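See below for the structure under consideration.
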Amino acid sequence: MKVLEHPSLKSLNTFGVDATAGLLLTIETEEDLLSLPAFDPHRDFMLGGGSNVLFVSDVPGAVFLNRISGREIISEHDGYALLEVGAGENWHQLVRWALDQGLSGLENLSLIPGLAGAAPIQNIGAYGVELSSVLEWVTAWDWHNSNWVTFSKDECRFGYRDSFFKSVETDRYFITSIRLLLNRQFRPQLDYAGLRDALSSLGIDQPEAKQVSDTVIRIRQQKLPDPAVTGNAGSFFKNPVVSMDEAELLHSRFTGLPTWPAGADRARLSAAWMIDHCGWKGFQENGAAVSSQHALVLVNQGQASGRQIQELSGKIIDSVEENFGVVLEPEPKIYKGPDAL
Ligand SMILES: Cc1cc2nc3c(=O)[nH]c(=O)nc-3n(C[C@H](O)[C@H](O)[C@H](O)COP(=O)(O)OP(=O)(O)OC[C@H]3O[C@@H](n4cnc5c(N)ncnc54)[C@H](O)[C@@H]3O)c2cc1C
C-alpha cells in the first residue's frame with residue numbers, strides 16, 4: 001500500500017477542483033484493507049476514478065484510493081460467462097476487453113468514466129442499459145464489522161442511479177470486486193431511440209456488439225464535454241421521478257417536457273429540459289458553468305472551487321423548483337467536510 005501525506009486531490013477528481021487530504025492511501029490488494037484503521041465518514045473518503053464526486057471541502061483524514069486490479073473469466077455455462085473484476089479496473093477498458101473476449105452486455109455502457117468498484121454505487125446506466133442487468137455479486141469490506149461481505153444483485157437494491165450502498169448504508173462498505181454475467185450470444189439493446197437512429201444512419205440494422213460500442217462512444221463524444229479538457233462529472237442532476245398525475249399536470253402546462261415511464265404509476269422528467277427552459281444552459285459565474293453542450297452537465301472552466309460549483313447547482317435547484325415545483329437532486333457525491341455531516 002502506498003501512503004502519501006497531504007496530497008492534492010486536483011488530478012484525482014474529474015471536476016479538477018482543488019482540495020487536499022490528510023493522507024492518500026492507495027489500496028492495491030484486499031490484504032491492504034486488513035491493516036487499516038476504521039473508516040470515519042466524517043473525516044475520510046473512498047475514491048475510485050473521481051468522476052462522480054465534488055469536493056467542496058478538504059478531506060482532513062484519509063482518502064482510500066481503490067486500485068485493486070484483476071479481471072478474469074471464472075466460469076462458463078449455457079452461453080454465459082461469469083467475470084470477476086477487481087474494483088480498481090478502469091470501466092471503459094473492461095467494456096472493450098469483454099468485447100474482445102466475444103462477450104456482450106456492457107456495450108451500451110461504453111466510455112462511462114471511472115472504475116468498476118464504483119459502478120454498483122449508483123447502478124451506472126446509459127443508452128437504455130443499467131449495470132443491474134449484468135451484475136451478479138458485489139464483494140466488499142465492511143468497515144463496521146471488519147469483515148468481508150458479499151451482496152447478491154437483489155441485496156444491492158438497485159434503482160435509477162441508486163443502490164443500497166448509495167442511499168441505505170452510505171460509506172459503510174469498500175467494494176473490492178464485482179462479478180458480471182455476460183453473454184456469448186449478442187442480443188442488441190436498442191430501446192434508446194438516439195442509438196437506434198445513429199446506427200441506422202450508418203446503414204446498420206443488425207449491429208454487432210462492437211458496432212454498438214463504437215456508436216455509443218461517438219454519440220458520447222459529440223454530446224458530453226471531455227473531462228480531460230473541461231472539468232465535469234457528467235450529469236450533475238438526476239432526472240426527477242414523480243407520480244403519473246403530477247407528470248400529466250406538468251405536461252399540460254409545459255408542452256414539450258420529455259417524460260418517460262418509471263415503474264408502476266411513476267414517470268421520470270427530463271431535468272435537462274427544465275434547466276434549459278429556465279435559461280441556464282451556457283450560464284457561467286466564477287468559473288463554474290452550465291455546459292453549452294448539455295444542460296445537465298456543470299463544468300469547471302478552470303479555476304472554480306468545489307464550493308462555487310455547489311453554489312451554482314443550488315441556484316439551478318431553486319430556479320427549477322420555482323418554475324416547475326420539482327426539486328432536483330444532485331447525482332455526484334458531494335463531500336462537504338467534517339462539520340457539515
Ligand atoms: C463525462 C462523464 C460522463 C458520465 N456518464 C455517466 C453515465 O452515462 N452514466 C452514469 O451512470 N454515470 C456517468 N458518469 C458518472 C461516473 O462516471 C460514474 O458514476 C462512475 O461509476 C464513477 O466511478 P468513479 O470510479 O469515478 O467513482 P468516484 O467518483 O471515485 O466515486 C463515486 C462514489 O462512489 C464511492 N466509491 C468509489 N469507489 C468505491 C469503492 N471501491 N467502494 C465503495 N465506494 C466507492 C465514492 O465514495 C463516491 O461516493 C459520468 C461522469 C463523467 C465525468
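Ordering of the C-alpha cells sets the chain letters (A, B, ...); residue numbers start at 1 within each chain; ligands are numbered from 1 in the order shown.
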
List all protein, DNA and RNA residues that have at least one atom no more than 7 Å from any atom of ligand 1, counting only C-alpha atoms and all ligand atoms, and write them as a ChimeraX atom specification.
/A:13-14,45-53,66,87,112-119,121-126,161,171,173-176,224-227,232-235,332-333

Kindly provide the residues of segment 319-341 of chain A that approach segment 17-36 of chain A to within 12 Å, each paired with its closest atom pair and their distance in Å to one decimal, based on only C-alpha atoms, listed by chain and increasing number, as CSV.
```
residue,atom,partner,partner_atom,distance
A:Tyr335,CA,A:Ala19,CA,10.5
A:Lys336,CA,A:Ala19,CA,11.2
A:Gly337,CA,A:Ala19,CA,10.8
```

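The nearest approach to Trp273 of chain A among the residues A:Thr170, A:Ser57, A:Thr255, A:Thr150, with only C-alpha atoms taken into account, belongs to A:Thr255.
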
Step one, run DSSP on the backbone; step two, keep only residues of segment 68-226 of chain A assigned to alpha helix (DSSP H); then write them as a PyMOL selection string.
chain A and resi 91-100+164-167+193-201+209-223

Next, the residues of the selection above should be written as a short mmCIF file (atom, residue, chain, number, x, y, z; two decimals), in the first residue's frame with N, CA and C atoms.
```cif
data_model
loop_
_atom_site.label_atom_id
_atom_site.label_comp_id
_atom_site.auth_asym_id
_atom_site.auth_seq_id
_atom_site.Cartn_x
_atom_site.Cartn_y
_atom_site.Cartn_z
N TRP A 91 -13.36 1.19 -16.01
CA TRP A 91 -14.62 0.65 -16.52
C TRP A 91 -14.61 0.51 -18.04
N HIS A 92 -14.24 1.56 -18.74
CA HIS A 92 -14.32 1.52 -20.21
C HIS A 92 -13.36 0.47 -20.79
N GLN A 93 -12.17 0.38 -20.20
CA GLN A 93 -11.23 -0.65 -20.69
C GLN A 93 -11.80 -2.04 -20.46
N LEU A 94 -12.55 -2.22 -19.36
CA LEU A 94 -13.20 -3.50 -19.10
C LEU A 94 -14.23 -3.82 -20.18
N VAL A 95 -15.02 -2.80 -20.55
CA VAL A 95 -16.06 -2.99 -21.58
C VAL A 95 -15.40 -3.46 -22.88
N ARG A 96 -14.32 -2.79 -23.28
CA ARG A 96 -13.67 -3.14 -24.55
C ARG A 96 -12.98 -4.51 -24.46
N TRP A 97 -12.41 -4.83 -23.31
CA TRP A 97 -11.77 -6.14 -23.12
C TRP A 97 -12.81 -7.26 -23.23
N ALA A 98 -13.98 -7.03 -22.60
CA ALA A 98 -15.04 -8.05 -22.67
C ALA A 98 -15.45 -8.28 -24.12
N LEU A 99 -15.58 -7.19 -24.88
CA LEU A 99 -15.94 -7.34 -26.30
C LEU A 99 -14.87 -8.13 -27.04
N ASP A 100 -13.60 -7.89 -26.72
CA ASP A 100 -12.52 -8.64 -27.36
C ASP A 100 -12.58 -10.14 -27.02
N PHE A 164 -28.31 0.23 -2.58
CA PHE A 164 -28.19 0.07 -1.13
C PHE A 164 -26.94 0.84 -0.62
N PHE A 165 -25.85 0.78 -1.42
CA PHE A 165 -24.57 1.40 -0.99
C PHE A 165 -24.66 2.93 -1.02
N LYS A 166 -25.48 3.44 -1.95
CA LYS A 166 -25.56 4.90 -2.09
C LYS A 166 -26.54 5.52 -1.10
N SER A 167 -27.70 4.86 -0.89
CA SER A 167 -28.69 5.57 -0.08
C SER A 167 -29.12 4.87 1.20
N ALA A 193 -33.79 5.51 -28.58
CA ALA A 193 -34.01 5.91 -29.99
C ALA A 193 -32.76 6.54 -30.61
N GLY A 194 -32.04 7.36 -29.84
CA GLY A 194 -30.86 8.04 -30.38
C GLY A 194 -29.81 7.06 -30.86
N LEU A 195 -29.69 5.94 -30.15
CA LEU A 195 -28.70 4.92 -30.53
C LEU A 195 -29.15 4.18 -31.78
N ARG A 196 -30.45 3.82 -31.81
CA ARG A 196 -31.01 3.14 -32.98
C ARG A 196 -30.84 4.00 -34.23
N ASP A 197 -31.17 5.31 -34.07
CA ASP A 197 -31.11 6.22 -35.21
C ASP A 197 -29.66 6.37 -35.70
N ALA A 198 -28.72 6.49 -34.73
CA ALA A 198 -27.32 6.67 -35.13
C ALA A 198 -26.83 5.46 -35.90
N LEU A 199 -27.26 4.25 -35.49
CA LEU A 199 -26.84 3.03 -36.20
C LEU A 199 -27.49 2.98 -37.58
N SER A 200 -28.79 3.31 -37.64
CA SER A 200 -29.41 3.21 -38.98
C SER A 200 -28.88 4.27 -39.93
N SER A 201 -28.43 5.42 -39.37
CA SER A 201 -27.85 6.44 -40.27
C SER A 201 -26.54 5.92 -40.90
N ALA A 209 -21.88 -6.33 -31.54
CA ALA A 209 -21.70 -5.67 -30.24
C ALA A 209 -20.67 -4.53 -30.33
N LYS A 210 -19.59 -4.74 -31.08
CA LYS A 210 -18.56 -3.70 -31.16
C LYS A 210 -19.07 -2.47 -31.91
N GLN A 211 -19.99 -2.70 -32.86
CA GLN A 211 -20.55 -1.54 -33.59
C GLN A 211 -21.42 -0.71 -32.65
N VAL A 212 -22.13 -1.40 -31.75
CA VAL A 212 -22.94 -0.65 -30.76
C VAL A 212 -22.00 0.16 -29.87
N SER A 213 -20.93 -0.48 -29.39
CA SER A 213 -19.98 0.22 -28.52
C SER A 213 -19.38 1.42 -29.25
N ASP A 214 -18.94 1.22 -30.49
CA ASP A 214 -18.32 2.33 -31.26
C ASP A 214 -19.30 3.48 -31.43
N THR A 215 -20.58 3.13 -31.66
CA THR A 215 -21.58 4.17 -31.89
C THR A 215 -21.87 4.93 -30.60
N VAL A 216 -21.97 4.19 -29.48
CA VAL A 216 -22.17 4.85 -28.18
C VAL A 216 -21.00 5.82 -27.93
N ILE A 217 -19.79 5.37 -28.22
CA ILE A 217 -18.61 6.22 -27.99
C ILE A 217 -18.73 7.51 -28.82
N ARG A 218 -19.14 7.34 -30.09
CA ARG A 218 -19.24 8.52 -30.96
C ARG A 218 -20.30 9.50 -30.45
N ILE A 219 -21.46 8.95 -30.07
CA ILE A 219 -22.54 9.84 -29.57
C ILE A 219 -22.06 10.58 -28.31
N ARG A 220 -21.43 9.83 -27.40
CA ARG A 220 -20.99 10.44 -26.15
C ARG A 220 -19.97 11.55 -26.40
N GLN A 221 -19.05 11.29 -27.36
CA GLN A 221 -18.02 12.29 -27.64
C GLN A 221 -18.63 13.57 -28.22
N GLN A 222 -19.75 13.41 -28.95
CA GLN A 222 -20.41 14.60 -29.52
C GLN A 222 -21.22 15.34 -28.46
N LYS A 223 -21.81 14.57 -27.52
CA LYS A 223 -22.79 15.16 -26.60
C LYS A 223 -22.21 15.72 -25.31
#
```

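Proximity ranking of A:Pro7, A:Pro120, A:Gly79, A:Gly159 relative to Asp58 of chain A places A:Pro7 first, based on only C-alpha atoms.
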
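Near Phe151 of chain A, within a cut-off of 12 Å and counting only C-alpha atoms, sit the residues A:Pro120, A:Leu135, A:Glu136, A:Trp137, A:Val138, A:Thr139, A:Ala140, A:Trp141, A:Asp142, A:Cys156, A:Arg157, A:Phe158, A:Ser163, A:Phe164, A:Phe165, A:Tyr173, A:Ile175, A:Thr176, A:Ser177, A:Ile178, A:Arg179, with same-chain residues fewer than 5 positions away left out.
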
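Distances here use only C-alpha atoms; by that measure, the residue among A:Ala295, A:Leu83, A:Leu182, A:Val242 closest to Gly105 of chain A is A:Leu182.
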
From a DSSP calculation on the backbone, collect every residue of segment 99-326 of chain A in strand (DSSP E) and output the set as number ranges by chain.
A: 125-126, 129-130, 135-142, 147-152, 173-183, 231-235, 241-243, 259-261, 266-269, 284-285, 288-290, 297-300

How many Å separate atom CA of Thr230 of chain A from atom CA of Ala289 of chain A?
10.6 Å

Atom CA of Gly128 of chain A to atom CA of Asp191 of chain A, distance in Å rounded to a single decimal:
6.0 Å

Compile the contact shell of Gly282 of chain A as a PyMOL selection string: residues with an atom at most 10 Å away, counting only C-alpha atoms, same-chain residues fewer than 4 positions apart removed.
chain A and resi 276+289-295+298-299
